[in-house]
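What follows is one structure encoded as structure tokens, with my remarks underneath.
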Amino acid sequence: MRVLFVSANRESVPYPVAPLGAAYVAGAARNAGHEVRLLDLCFSEDVEGDLADAVRQFDPELIGLSIRNVDNLTYPASVSYLDGILAAVASLKRHANAPIVAGGPGFSIFPDRLLAALDLEWGVIGEGEETFCILARCLEDRREVPRLPNLIRRGEAARGVARRVGRFAGNGRPARDLLDNARYLALGGMANLQTKRGCPFGCSYCTYPQIDGPSLRLRPPTDVADELAGMAGETHIDEAFFVDDIFNQPHDHALGICDAIAARGLRIGWTCFATPAGMTPELARAMKRAGCRGVEFGADTASPSILRALAKPFPQEDLRAAARACREAALPAAYYLIFGGPGETADTVAETCDLIDALRPQAVLAFVGIRIYPNTPLCDVAVSEGLIAPADDLLRPRFYISPGIGADALMAAVGARARARPNWVVPALGIRSDPTLLARLRRSGRRGPLWDLL
């Protein structure tokens with residue numbers, strides 16, 4: 001069967017991000033005997049024309065549509081991607097006579113809403129390798145499609161879909177030959193890879209457990225290092241990003257990956273997301289030794305009351321310990337902060353800023369307001385406080401900002417703090433995040449994170 005995968009993501013700020021999830025499913029489909037191609041719309045200057053050309057040249061019998069995000073998650077400079085996704089689907093329907101199956105993390109948060117909005121018959125929630133391939137075989141053989149884990153049909157409620165996650169180590173590797181690695185690198189992007197799937201934490205606003213499942217599924221460290229070595233040797237990639245929700249958990253697994261990378265003597269820099277919880281001096285040294293060029297901590301806040309309100313799994317002391325570990329290892333660290341959570345006031349804003357100052361981070365990336373997603377505790381809080389109605393369609397972005405401070409006062413407080421600190425970046429307020437500057441830095445051939453320059 002000829003299967004065309006289309007990545008609908010067109011966002012390139014702060015970096016263009018290669019469609020790793022689509023490449024994983026494409027790799028699984030290829031292993032199952034299908035002929036596959038991938039059209040990445042990130043760099044397209046003529047979406048209609050590129051889609052028409054891809055369909056004409058390949059004549060797909062099945063189309064997989066990957067939806068990474070539905071908006072940019074940024075208040076007050078919110079941008080919805082929905083109209084572009086709708087236009088891409090309409091174009092595919094005009095040019096192709098093939099079923100379209102939606103998937104990806106953005107789809108998985110709003111599966112029933114997006115199937116209805118896009119007028120599609122099928123979608124895959126969460127992990128897609130196994131389900132997509134079974135569906136493809138049923139359609140190819142013209143057999144009735146049974147009820148499959150993770151498969152949602154138009155008109156079906158998402159809560160009625162049985163969910164299943166596989167053993168990540170057995171899912172195979174992504175079809176990296178389908179990705180335009182050279183172009184991503186030329187524009188300052190980084191290759192991306194995963195060491196695990198799943199998130200065991202329960203942060204009140206977060207959708208990762210919905211998308212990847214609540215339990216960790218780990219790849220063997222040697223397998224991760226082998227993939228990284230292959231990326232460096234076969235496609236000349238010299239910079240990578242571990243897209244795990246939390247690279248440093250479990251601690252020993254992360255340590256094993258660092259040791260395996262170092263043992264191979266790979267000359268490749270990398271960055272990762274991490275949690276302050278369990279960031280030890282031993283791990284920081286191992287990450288530095290293995291080529292880590294920066295770690296991005298999802299701190300969100302440093303106020304004890306807001307940490308509790310957001311259900312963050314660490315206390316202030318973990319923030320201090322993580323900062324010490326990185327500083328002693330000469331490992332650059334950035335901290336993501338999200339202001340405006342339940343109970344936020346001017347005092348808690350100041351409390352967070354003061355502690356973050358004491359940590360002496362390389363950079364701070366701050367956001368105001370928290371994107372409200374369905375089926376999260378934060379959504380329930382927003383309903384209970386009357387900020388949204390139970391029936392509100394959250395496909396178009398809505399943001400939570402604590403009534404205890406309000407949007408105007410929050411933006412003023414965060415903006416004043418950020419402008420007085422040269423290492424703070426606030427995209428929504430245009431503080432050290434000018435798109436023209438970002439593009440110039442990317443085109444300069446700069447590899448790795450930009451936050452240490454901004």
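Order determines the names: the first chain of the structure tokens is A, the second B, and so forth; residues in each chain are numbered 1 upward, and ligands are numbered 1 upward as they are shown.
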
Between region 27-89 of chain A and region 377-396 of chain A, at 8 Å or less, what are the per-residue closest atom pairs and their distances in Å? Count only C-alpha atoms, order by chain and rising residue number, and return it as a tab-separated table.
residue	atom	partner	partner_atom	distance
A:Val70	CA	A:Leu395	CA	7.4
A:Asp71	CA	A:Arg396	CA	7.9
A:Ser80	CA	A:Arg396	CA	6.7
A:Leu82	CA	A:Arg396	CA	7.9

Have a look at A:Arg143, A:Trp424, A:Leu266, A:Ile125 and name the one nearest to Arg159 (chain A); count only C-alpha atoms. A:Ile125

Find the residue from A:Gln210, A:Ala418, A:Thr195, A:Cys292 that sits nearest to Gly256 (chain A); use only C-alpha atoms when measuring. A:Thr195

Do you know which residues are at most 9 Å from region 305-318 of chain A counting only C-alpha atoms, after dropping those on the same chain fewer than 3 positions away, and could you put them as a list in words? Phe201, Gly202, Cys203, Ser204, Tyr205, Thr275, Pro276, Ala277, Gly278, Met279, Ala299, Asp300, Thr301, Ala302, Ala321, Ala322, Ala323, Gly341, Pro342, Gly343, Glu344, Thr348, Leu355, Pro377 and Leu378 of chain A

What are the DSSP helix (DSSP H, G or I) residues of region 62-281 of chain A, as JSON, numbers by chain? {"A": [82, 83, 84, 85, 86, 87, 88, 89, 90, 91, 92, 93, 94, 95, 105, 106, 107, 108, 109, 111, 112, 113, 114, 115, 116, 117, 118, 129, 130, 131, 132, 133, 134, 135, 136, 137, 138, 139, 140, 158, 159, 160, 168, 169, 170, 176, 177, 178, 181, 182, 183, 184, 185, 186, 208, 209, 210, 211, 212, 221, 222, 223, 224, 225, 226, 227, 228, 229, 230, 231, 232, 233, 234, 251, 252, 253, 254, 255, 256, 257, 258, 259, 260, 261, 262, 263, 264, 281]}

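The spacing separating CA of Leu118 (chain A) from CA of Leu86 (chain A) amounts to 6.1 Å.
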
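Near Arg30 (chain A), within a cut-off of 12 Å and counting only C-alpha atoms, sit the residues Met1, Arg2, Val3, Leu4, Phe5, Ala23, Tyr24, Val25, Ala26, Gly27, Ala28, Ala32, Gly33, His34, Glu35, Val36, Arg37, Leu38, Glu129, Phe132, Cys133, Ala136, Gly172, Arg173, Pro174, Ala175, Asp177 and Leu178 of chain A, with same-chain residues fewer than 2 positions away left out.
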
How about saving the chosen residues, N, CA and C atoms kept, as a PDB file, in the first residue's frame?
ATOM      1  N   MET A   1       0.851  -1.190   0.000  1.00  0.00           N
ATOM      2  CA  MET A   1       0.000   0.000   0.000  1.00  0.00           C
ATOM      3  C   MET A   1       0.889   1.243   0.000  1.00  0.00           C
ATOM      4  N   ARG A   2       0.522   2.238  -0.802  1.00  0.00           N
ATOM      5  CA  ARG A   2       1.264   3.500  -0.816  1.00  0.00           C
ATOM      6  C   ARG A   2       0.692   4.420   0.262  1.00  0.00           C
ATOM      7  N   VAL A   3       1.540   4.793   1.214  1.00  0.00           N
ATOM      8  CA  VAL A   3       1.093   5.601   2.351  1.00  0.00           C
ATOM      9  C   VAL A   3       1.877   6.905   2.367  1.00  0.00           C
ATOM     10  N   LEU A   4       1.164   8.000   2.279  1.00  0.00           N
ATOM     11  CA  LEU A   4       1.765   9.333   2.348  1.00  0.00           C
ATOM     12  C   LEU A   4       1.525   9.913   3.734  1.00  0.00           C
ATOM     13  N   PHE A   5       2.608  10.255   4.425  1.00  0.00           N
ATOM     14  CA  PHE A   5       2.500  10.941   5.703  1.00  0.00           C
ATOM     15  C   PHE A   5       2.703  12.431   5.475  1.00  0.00           C
ATOM     16  N   ALA A  23       7.752  10.216  11.636  1.00  0.00           N
ATOM     17  CA  ALA A  23       8.819   9.335  11.146  1.00  0.00           C
ATOM     18  C   ALA A  23       8.776   7.972  11.827  1.00  0.00           C
ATOM     19  N   TYR A  24       8.393   7.942  13.114  1.00  0.00           N
ATOM     20  CA  TYR A  24       8.255   6.657  13.808  1.00  0.00           C
ATOM     21  C   TYR A  24       7.151   5.810  13.170  1.00  0.00           C
ATOM     22  N   VAL A  25       5.998   6.425  12.923  1.00  0.00           N
ATOM     23  CA  VAL A  25       4.885   5.662  12.349  1.00  0.00           C
ATOM     24  C   VAL A  25       5.206   5.267  10.906  1.00  0.00           C
ATOM     25  N   ALA A  26       5.880   6.168  10.179  1.00  0.00           N
ATOM     26  CA  ALA A  26       6.282   5.836   8.807  1.00  0.00           C
ATOM     27  C   ALA A  26       7.256   4.666   8.807  1.00  0.00           C
ATOM     28  N   GLY A  27       8.183   4.641   9.772  1.00  0.00           N
ATOM     29  CA  GLY A  27       9.110   3.519   9.870  1.00  0.00           C
ATOM     30  C   GLY A  27       8.388   2.217  10.147  1.00  0.00           C
ATOM     31  N   ALA A  28       7.386   2.266  11.026  1.00  0.00           N
ATOM     32  CA  ALA A  28       6.608   1.061  11.318  1.00  0.00           C
ATOM     33  C   ALA A  28       5.834   0.601  10.098  1.00  0.00           C
ATOM     34  N   ALA A  32       6.181  -2.879   7.923  1.00  0.00           N
ATOM     35  CA  ALA A  32       5.023  -3.744   7.696  1.00  0.00           C
ATOM     36  C   ALA A  32       4.786  -4.019   6.210  1.00  0.00           C
ATOM     37  N   GLY A  33       5.674  -3.503   5.346  1.00  0.00           N
ATOM     38  CA  GLY A  33       5.585  -3.815   3.928  1.00  0.00           C
ATOM     39  C   GLY A  33       4.973  -2.740   3.066  1.00  0.00           C
ATOM     40  N   HIS A  34       4.647  -1.593   3.632  1.00  0.00           N
ATOM     41  CA  HIS A  34       4.045  -0.524   2.847  1.00  0.00           C
ATOM     42  C   HIS A  34       5.116   0.373   2.238  1.00  0.00           C
ATOM     43  N   GLU A  35       4.780   1.008   1.134  1.00  0.00           N
ATOM     44  CA  GLU A  35       5.646   2.006   0.521  1.00  0.00           C
ATOM     45  C   GLU A  35       5.275   3.361   1.119  1.00  0.00           C
ATOM     46  N   VAL A  36       6.251   4.082   1.649  1.00  0.00           N
ATOM     47  CA  VAL A  36       5.929   5.299   2.397  1.00  0.00           C
ATOM     48  C   VAL A  36       6.694   6.511   1.871  1.00  0.00           C
ATOM     49  N   ARG A  37       6.066   7.660   2.003  1.00  0.00           N
ATOM     50  CA  ARG A  37       6.714   8.947   1.772  1.00  0.00           C
ATOM     51  C   ARG A  37       6.232   9.907   2.852  1.00  0.00           C
ATOM     52  N   LEU A  38       7.011  10.961   3.051  1.00  0.00           N
ATOM     53  CA  LEU A  38       6.667  11.960   4.066  1.00  0.00           C
ATOM     54  C   LEU A  38       6.774  13.350   3.461  1.00  0.00           C
ATOM     55  N   GLU A 129       2.156   3.553  16.162  1.00  0.00           N
ATOM     56  CA  GLU A 129       2.809   2.597  15.274  1.00  0.00           C
ATOM     57  C   GLU A 129       1.958   1.349  15.017  1.00  0.00           C
ATOM     58  N   PHE A 132      -1.908   2.169  13.616  1.00  0.00           N
ATOM     59  CA  PHE A 132      -1.956   2.660  12.237  1.00  0.00           C
ATOM     60  C   PHE A 132      -1.696   1.520  11.257  1.00  0.00           C
ATOM     61  N   CYS A 133      -0.746   0.652  11.570  1.00  0.00           N
ATOM     62  CA  CYS A 133      -0.406  -0.424  10.648  1.00  0.00           C
ATOM     63  C   CYS A 133      -1.529  -1.449  10.537  1.00  0.00           C
ATOM     64  N   ALA A 136      -4.165   0.201   8.405  1.00  0.00           N
ATOM     65  CA  ALA A 136      -3.752   0.224   7.000  1.00  0.00           C
ATOM     66  C   ALA A 136      -3.976  -1.134   6.348  1.00  0.00           C
ATOM     67  N   GLY A 172      10.810  -0.188  17.074  1.00  0.00           N
ATOM     68  CA  GLY A 172      11.648   0.150  15.937  1.00  0.00           C
ATOM     69  C   GLY A 172      12.079   1.601  15.981  1.00  0.00           C
ATOM     70  N   ARG A 173      12.846   1.994  15.003  1.00  0.00           N
ATOM     71  CA  ARG A 173      13.365   3.356  14.950  1.00  0.00           C
ATOM     72  C   ARG A 173      12.629   4.172  13.897  1.00  0.00           C
ATOM     73  N   PRO A 174      12.703   5.486  14.009  1.00  0.00           N
ATOM     74  CA  PRO A 174      12.032   6.328  13.019  1.00  0.00           C
ATOM     75  C   PRO A 174      12.704   6.246  11.657  1.00  0.00           C
ATOM     76  N   ALA A 175      11.941   6.510  10.616  1.00  0.00           N
ATOM     77  CA  ALA A 175      12.471   6.521   9.249  1.00  0.00           C
ATOM     78  C   ALA A 175      13.147   7.872   9.010  1.00  0.00           C
ATOM     79  N   ASP A 177      15.497   8.759   7.127  1.00  0.00           N
ATOM     80  CA  ASP A 177      15.807   9.109   5.738  1.00  0.00           C
ATOM     81  C   ASP A 177      14.686   9.925   5.097  1.00  0.00           C
ATOM     82  N   LEU A 178      13.499   9.915   5.696  1.00  0.00           N
ATOM     83  CA  LEU A 178      12.389  10.703   5.166  1.00  0.00           C
ATOM     84  C   LEU A 178      12.419  12.153   5.647  1.00  0.00           C
TER      85      LEU A 178
END

Write out as a PyMOL selection string which residues come within 8 Å of region 213-217 of chain A when counting only C-alpha atoms, dropping same-chain ones fewer than 2 positions away. chain A and resi 126+165+167-169+196-201+208-211+219

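Checking A:Ala263, A:Val426, A:Ile134, A:Val124 one by one against Arg163 (chain A), counting only C-alpha atoms, you find the shortest gap at A:Val124.
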
Strand (DSSP E or B) per DSSP on the backbone: members of region 355-385 of chain A, as a PyMOL selection string: chain A and resi 363-368+370-371

Those residues with C-alpha atoms, as a PDB file, in the first residue's frame please?
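Produced file result-v4.pdb, reproduced below:
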ATOM      1  CA  ALA A 363      18.704  31.791  31.070  1.00  0.00           C
ATOM      2  CA  VAL A 364      15.070  32.059  32.106  1.00  0.00           C
ATOM      3  CA  LEU A 365      12.244  31.498  29.623  1.00  0.00           C
ATOM      4  CA  ALA A 366       9.096  32.980  31.124  1.00  0.00           C
ATOM      5  CA  PHE A 367       5.462  32.758  30.082  1.00  0.00           C
ATOM      6  CA  VAL A 368       2.331  34.382  31.427  1.00  0.00           C
ATOM      7  CA  ILE A 370      -1.349  28.686  31.316  1.00  0.00           C
ATOM      8  CA  ARG A 371      -3.009  27.080  28.309  1.00  0.00           C
TER       9      ARG A 371
END

Spatial neighbours of Pro281 (chain A), 7 Å, only C-alpha atoms, chain gap at least 3 places, as a PyMOL selection string: chain A and resi 284-285+325

Can you write just those residues out, N, CA and C atoms, as a short mmCIF file (atom, residue, chain, number, x, y, z; two decimals), in the first residue's frame?
data_model
loop_
_atom_site.label_atom_id
_atom_site.label_comp_id
_atom_site.auth_asym_id
_atom_site.auth_seq_id
_atom_site.Cartn_x
_atom_site.Cartn_y
_atom_site.Cartn_z
N ALA A 284 24.86 15.35 36.48
CA ALA A 284 25.26 16.57 35.77
C ALA A 284 26.65 16.40 35.16
N ARG A 285 27.58 15.82 35.91
CA ARG A 285 28.93 15.59 35.38
C ARG A 285 28.90 14.61 34.21
N ALA A 325 24.21 21.48 41.19
CA ALA A 325 24.79 20.37 40.43
C ALA A 325 25.24 20.83 39.05
#

Please list as a PyMOL selection string every residue within 6 Å of Pro361 (chain A), counting only C-alpha atoms and excluding residues in the same chain fewer than 2 positions away. chain A and resi 333-334+359+363

Write the residues of the selection above to a file with N, CA and C atoms, as a JSON list (two decimals), in the first residue's frame.
[["chain", "number", "residue", "atom", "x", "y", "z"],
["A", 333, "ALA", "N", 22.31, 25.87, 32.30],
["A", 333, "ALA", "CA", 20.94, 25.50, 32.66],
["A", 333, "ALA", "C", 19.99, 26.67, 32.42],
["A", 334, "ALA", "N", 18.85, 26.36, 31.84],
["A", 334, "ALA", "CA", 17.78, 27.33, 31.66],
["A", 334, "ALA", "C", 16.57, 26.84, 32.43],
["A", 359, "LEU", "N", 19.50, 31.31, 42.06],
["A", 359, "LEU", "CA", 20.02, 30.11, 41.40],
["A", 359, "LEU", "C", 21.05, 30.44, 40.33],
["A", 363, "ALA", "N", 19.82, 31.10, 31.72],
["A", 363, "ALA", "CA", 18.70, 31.79, 31.07],
["A", 363, "ALA", "C", 17.40, 31.42, 31.77]]

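Residue nearest Thr376 (chain A), chosen from A:Ala102, A:Leu185, A:Ile109, A:Ala290 and counting only C-alpha atoms: A:Ile109.
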
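Going from CA of Pro250 (chain A) to CA of Leu218 (chain A) covers 9.1 Å.
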
Near region 87-97 of chain A, 12 Å: region 114-233 of chain A residue rows, closest pairs, only C-alpha atoms, as a tab-separated table:
residue	atom	partner	partner_atom	distance
A:Leu114	CA	A:Val89	CA	11.3
A:Leu115	CA	A:Val89	CA	11.1
A:Ala117	CA	A:Val89	CA	10.4
A:Leu118	CA	A:Val89	CA	6.9
A:Asp119	CA	A:Val89	CA	9.0
A:Leu120	CA	A:Val89	CA	8.9

Now that the selection is made, can you save its residues with N, CA and C atoms as a PDB file, in the first residue's frame?
ATOM      1  N   LEU A 114     -11.334  17.317  16.827  1.00  0.00           N
ATOM      2  CA  LEU A 114     -10.636  17.516  15.557  1.00  0.00           C
ATOM      3  C   LEU A 114     -11.203  16.632  14.451  1.00  0.00           C
ATOM      4  N   LEU A 115     -11.613  15.418  14.763  1.00  0.00           N
ATOM      5  CA  LEU A 115     -12.249  14.596  13.734  1.00  0.00           C
ATOM      6  C   LEU A 115     -13.490  15.288  13.191  1.00  0.00           C
ATOM      7  N   ALA A 117     -14.151  18.616  13.340  1.00  0.00           N
ATOM      8  CA  ALA A 117     -13.781  19.863  12.663  1.00  0.00           C
ATOM      9  C   ALA A 117     -13.173  19.602  11.285  1.00  0.00           C
ATOM     10  N   LEU A 118     -12.385  18.529  11.177  1.00  0.00           N
ATOM     11  CA  LEU A 118     -11.715  18.218   9.919  1.00  0.00           C
ATOM     12  C   LEU A 118     -12.550  17.311   9.028  1.00  0.00           C
ATOM     13  N   ASP A 119     -13.662  16.812   9.548  1.00  0.00           N
ATOM     14  CA  ASP A 119     -14.545  15.908   8.808  1.00  0.00           C
ATOM     15  C   ASP A 119     -13.767  14.685   8.309  1.00  0.00           C
ATOM     16  N   LEU A 120     -13.092  14.029   9.255  1.00  0.00           N
ATOM     17  CA  LEU A 120     -12.334  12.823   8.944  1.00  0.00           C
ATOM     18  C   LEU A 120     -12.969  11.618   9.626  1.00  0.00           C
TER      19      LEU A 120
END

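Straight-line separation from CA of Val243 (chain A) to CA of Ala18 (chain A): 11.1 Å.
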